[in-house]
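Colleague: Quick one: the structure is below, and I'll ask about it shortly.
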Amino acid sequence: MGKKILFIIVLVFFISGVFFCSLNMDKKYHPFTIEDLLYLPSGKFLKGAALGFDEMVADLLWIKALAYFGGHTTTDQNYLWMSHILDIVTTLDPFSQYPYEFGGVILATEIGEVDKSNLLLKKGMENVSKTHERYWYLPFFTAFNYMYYKKDYKTAADYLKMASKFPQSPEYLPLLVSRLYADADSPEIAIVFLREMINSTQSPELKEKLKLRLNEVINQNNIQFLEAAKDQFFLKYYRYPETINEMFKNGLIFYVPVDPRGGTYYISKKDHAVENIIKTQKLKVHIDKKNKVKINMQPLR
Amino acid sequence: MSRGKKMGKIVAIALNTFRESIRDRIFYSLLFFAVVLILFSMVLSNLTIGDPLKIVKDFGLGSISIVGTLIAIFVGIGMVYKEMEKRTIFIILSKPLARWQFLIGKYCGLSLTILVEVVVMSILLFVLCFLYVPQIPWNLLYAIIPIFFEILLILAVAFLFSTFSTAFLSGMFTLSIFIIGHFTRDLKSLAQTTEDVLFQTLSNVIYYVLPNLEYLNFKTRVVHHLNISISEVMLSLTYAIFYTIVVLLIGIFIFQRRDIN
Amino acid sequence: MTDSIAVKIKDLKKTFSNGWGKRSTIIKNLNLDIMENEIFGYLGANGAGKTTTFKLMLGLIIPDKGNIFFGGKPASDYKNRSFLGYLPETPYFYSYLTAGEALDFYASLFDMKKSLKKLRVEEMLRLVGLDHVKDLQLRKFSRGMLQRIGIAQAMINDPKLLILDEPMSGLDPMGRKDMRDIILKCRDQGKTIIFSSHIISDVELICDRASILSKGKLQQVIEMDDRQDNKNSTWEIICRGKVFDRSTIKKYGNIKHRATGNRHILSTVDKIAANLIMEEIKNQDLDLVSFGSRRKSIEDIYIKSVGVEGKKNG
């Protein structure tokens, strides 16, 4: 009889010990919860289903996502899948920085979903440890989104300022911040951002796509520069120049800008606008037979 | 009977169990599977962009956990099954020892086997990590040690079911406890978002009665070099140890009373 | 032979439920005393409850009612098992252990010093003739060899009481002789041996006493000593001749007559009737083949008692 009582006492002792530990664990060390991305609740419930092997599943999904992206898919269907996958990956393994960074860039530049991109980047800024060496990319790319797509220069400058506080961020950032506060509508800033983006990624496919985009921006920048010079010419000589070279000869421009996409700039006879043989994607293709296309095989850098 | 002699019998059974299970084919297959998984992660790490070492660590820790749990369930239950099936248990229990000594001896023997698996896999993982970054990742131990205690808990659960249930059912039940144990925390937070009181009560009961295995899951934090407080680890280990003891006590209670046929 | 009781079984009852709510009784009210230093044969058909009785003795199963004592001490306390050895029916062992390792393991379950353990293991291996395969893995052993390891582990602690469940099974005639010799030697050393069997000749050859267990109850306990037991002996007379005229001895009702061709076998338990038969053979001028008293074989007793019980229930 005595043995039975002892047994029961010991059992009760250990059972209470279990509850004690459990309650203390919950009180002191809150179970980790993540803010949902509003449009994709599925990631959160998936977390339990991975049975504690979330990181492995996240890794596998991440590699799958990269493979998909690398296979240069062009249909919208697959890009929709991409944003879904990115949300799941970052929910399963919320501390991993790179998926936020990569996702943020492609959601904005390739898929055209700027708001989703911002949400993802913000999720990253909340979850990723601030001591992470690549943390600064997250506010940096958020700043780009606000500047380039939303034209919200104030917010962009704020985010850029945040990024500049991190020791791994490039030294020119504070300069860029003041530029944004002052002279916001300048494509040169976009070029800086894009160059940084190309530099940051190891994905060859993304590098290619970003380079195309950068070239577009440089092209736009060049056109803007030439337009400004053309207007100066008009103010000086009361007429529009015939060729780009003319402006060069007259000292209004100190160099003829090179189109990194391989096109050439010319003044159109019709409306005296600065145009390029290779049009930007958004405009219709206009081929002027008079000027031959000069294929410029200069590398980017 | 003096303490030393009592311990001696438990040790004898433990060593015998250890020797038997180390030679078990299931053990070898699972260990082999674990090694394959870790090597596979090296292949995967080449495909990723970002931190390749992270993939090796994730898979390494995951394999230690998965394989250890599978060994606990299948080798553990298989062992009890074989004893009953082949009636080797009759001879042992006819000797002058208490039933609880037999059960605890078997448990300790299998714990030793699992320790071997964890140590071997950990060494392999450390070596692989070293190949990527010339540094021994000692901080991984913060995840590995709780994993080991988690497996010991599951092993105790497997033993408990074996004392009264068939091998197949024991395996299914133990696997279910493992799954629920990882899900219970999310279930509780999910229940808190609903208005359903019944659901909330049910999920709370499950949460406190069944083991919350997520307490012992430090894998994410370790791989991302986040801060882990020693007191949290100690508390979680205490939880695991206490829970394991409770399960074993219940198992002893049931085993003491049943007919061996 | 001393008069103290080695094993006392009192009012033992055990039922099993077959999972569907029905209970079947395996052992009904068993009362049996096994005396010290005797060889006791425990007979019964398969399923009669022999193994169940042993398991109840060893604490593997818990009885519904009743008690078992080893030399006055309760069998339910595991400490009182240190003086017994048990050999189960068709024993199995951990296949990857060698013979030496297995015996050493079993020895560790007793409170034996290391030096004594080593001695006993070697002694037992020699006793059962397996010392040349000490380092051979058990999975390579034949059935007969495993049986011998079984008896070796049962005796590893030099027990006072041996409980053997079908110890002859799986052994060839030579092996059975060896087993019988071991058992006899054990008795000479002062041990008590209980063994169960359904091979009656084994029991007949070495047992001092035997009991028959049928359908959970003890039918009989038989003494095997050489003293003629008139109750169980039969006079058997065999003669040859065409016809045996029974008219004269008809008034003696208890004479059995079996005739196959020329051969007549007459048997009776009555001594006077037997003499009369001899007279008649002389008178009828028949050839006498043999005359003798045959002790009733256990086989007959067994079949009779099982048959009776069978008729009762059948």
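Residues are referred to by chain and number: the chain letter is A, B, ... according to the order shown in the structure tokens, the number counts from 1 in that chain, and ligands are numbered separately from 1 in the order shown.
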Run DSSP on the backbone and grab whatever in stretch 103-234 of chain C lands in strand (DSSP E or B); send it over as an MDAnalysis selection string.
Modeller: chainID C and resid 137 161:165 192:197 209:214 217:223 233:234
Colleague: Could you give me, as a PyMOL selection string, the residues within 10 Å of stretch 150-156 of chain A, counting only C-alpha atoms and dropping anything in the same chain fewer than 2 positions from it?
Modeller: chain A and resi 114-115+139-148+158-162+177+180-185
Colleague: Can you tell me which residues surround C:Val203 at a distance of at most 12 Å, considering only C-alpha atoms, apart from same-chain residues fewer than 2 positions away, and format the answer as a PyMOL selection string?
Modeller: chain C and resi 39-44+166-168+176+180+183+193-201+205-212+222-224+297-299+302
Colleague: List every residue of chain B that has an atom at most 8 Å from any atom of chain C, and for each one report the closest atom pair and its distance in Å to one decimal, counting only C-alpha atoms, with rows sorted by chain and then by increasing residue number, as a tab-separated table.
Modeller:
```
residue	atom	partner	partner_atom	distance
B:Lys5	CA	C:Asp111	CA	6.5
B:Gly8	CA	C:Ser108	CA	7.5
B:Lys9	CA	C:Leu109	CA	5.3
B:Ala12	CA	C:Ser108	CA	6.4
B:Ile13	CA	C:Phe105	CA	7.8
B:Asn16	CA	C:Phe105	CA	7.4
B:Glu20	CA	C:Tyr96	CA	6.8
B:Arg23	CA	C:Tyr96	CA	7.8
B:Lys86	CA	C:Tyr92	CA	5.9
B:Arg87	CA	C:Tyr92	CA	6.4
B:Thr88	CA	C:Tyr92	CA	5.6
B:Phe90	CA	C:Pro88	CA	7.3
B:Ile91	CA	C:Tyr86	CA	6.9
B:Ile92	CA	C:Tyr106	CA	7.3
B:Leu93	CA	C:Leu60	CA	7.0
B:Ser94	CA	C:Leu58	CA	5.6
B:Lys95	CA	C:Arg81	CA	6.1
B:Pro96	CA	C:Arg81	CA	4.9
B:Leu97	CA	C:Tyr78	CA	5.9
B:Ala98	CA	C:Tyr78	CA	6.3
B:Arg257	CA	C:Ile62	CA	7.9
B:Arg258	CA	C:Ile61	CA	7.4
B:Asp259	CA	C:Ile61	CA	4.6
B:Ile260	CA	C:Leu60	CA	5.5
B:Asn261	CA	C:Ile61	CA	7.9
```
Colleague: Applying 12 Å and only C-alpha atoms, which residues near stretch 160-169 of chain B remain after dropping the ones on its own chain fewer than 6 positions away? List them as JSON, numbers by chain.
Modeller: {"B": [73, 74, 75, 76, 77, 78, 79, 80, 81, 82, 83, 84, 85, 99, 100, 103, 104, 107, 153, 154, 175, 176, 177, 244, 245, 246, 247, 248, 249, 250, 251, 252, 253, 254, 255, 256, 257, 258, 259, 260, 261]}
Colleague: Which residues of chain A come within 8 Å of chain B, and what is each one's closest atom pair and distance in Å (one decimal), counting only C-alpha atoms, sorted by chain and residue number, as a Markdown table?
Modeller:
```
| residue | atom | partner | partner_atom | distance |
| --- | --- | --- | --- | --- |
| A:Leu11 | CA | B:Val246 | CA | 6.2 |
| A:Phe14 | CA | B:Phe242 | CA | 5.6 |
| A:Ile15 | CA | B:Val246 | CA | 6.3 |
| A:Gly17 | CA | B:Phe242 | CA | 6.4 |
| A:Val18 | CA | B:Tyr239 | CA | 5.5 |
| A:Phe19 | CA | B:Tyr208 | CA | 7.1 |
| A:Cys21 | CA | B:Tyr239 | CA | 5.3 |
| A:Ser22 | CA | B:Tyr239 | CA | 6.8 |
| A:Met25 | CA | B:Leu235 | CA | 7.1 |
| A:Tyr29 | CA | B:Glu232 | CA | 7.2 |
| A:Pro31 | CA | B:Arg185 | CA | 7.8 |
| A:Phe45 | CA | B:Asp186 | CA | 7.6 |
| A:Gly48 | CA | B:Phe183 | CA | 4.8 |
| A:Ala49 | CA | B:Phe183 | CA | 6.7 |
| A:Leu51 | CA | B:His182 | CA | 5.1 |
| A:Gly52 | CA | B:His182 | CA | 6.0 |
| A:Phe53 | CA | B:Gly62 | CA | 6.1 |
| A:Glu55 | CA | B:Asp58 | CA | 5.9 |
| A:Met56 | CA | B:Asp58 | CA | 5.6 |
| A:Asp59 | CA | B:Ile55 | CA | 6.5 |
| A:Trp62 | CA | B:Thr48 | CA | 7.8 |
| A:Ile63 | CA | B:Thr48 | CA | 5.7 |
| A:Leu66 | CA | B:Thr48 | CA | 7.4 |
| A:Asp93 | CA | B:Thr220 | CA | 7.3 |
| A:Phe95 | CA | B:His224 | CA | 6.7 |
| A:Ser96 | CA | B:His224 | CA | 7.2 |
| A:Tyr98 | CA | B:Gly50 | CA | 5.8 |
| A:Ser129 | CA | B:Leu226 | CA | 7.6 |
| A:Gln202 | CA | B:Ile49 | CA | 6.5 |
| A:Ser203 | CA | B:Ile49 | CA | 6.7 |
```
Colleague: So what do you get for atom CA of A:Glu101 versus atom CA of A:Leu138, distance-wise?
Modeller: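 Separation between atom CA of A:Glu101 and atom CA of A:Leu138: 6.0 Å.
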Colleague: Which of these residues is nearest to A:Phe225, using only C-alpha atoms: A:Met82, A:Ile244, A:Val128, A:Ile88?
Modeller: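 Checking each of A:Met82, A:Ile244, A:Val128, A:Ile88 against A:Phe225, counting only C-alpha atoms, the winner is A:Ile244.
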Colleague: Compare C:Ile9, C:Met155, C:Ile272, C:Leu286 by their minimum atom-to-atom distance to C:Val243, counting only C-alpha atoms, and give me the closest one.
Modeller: C:Leu286
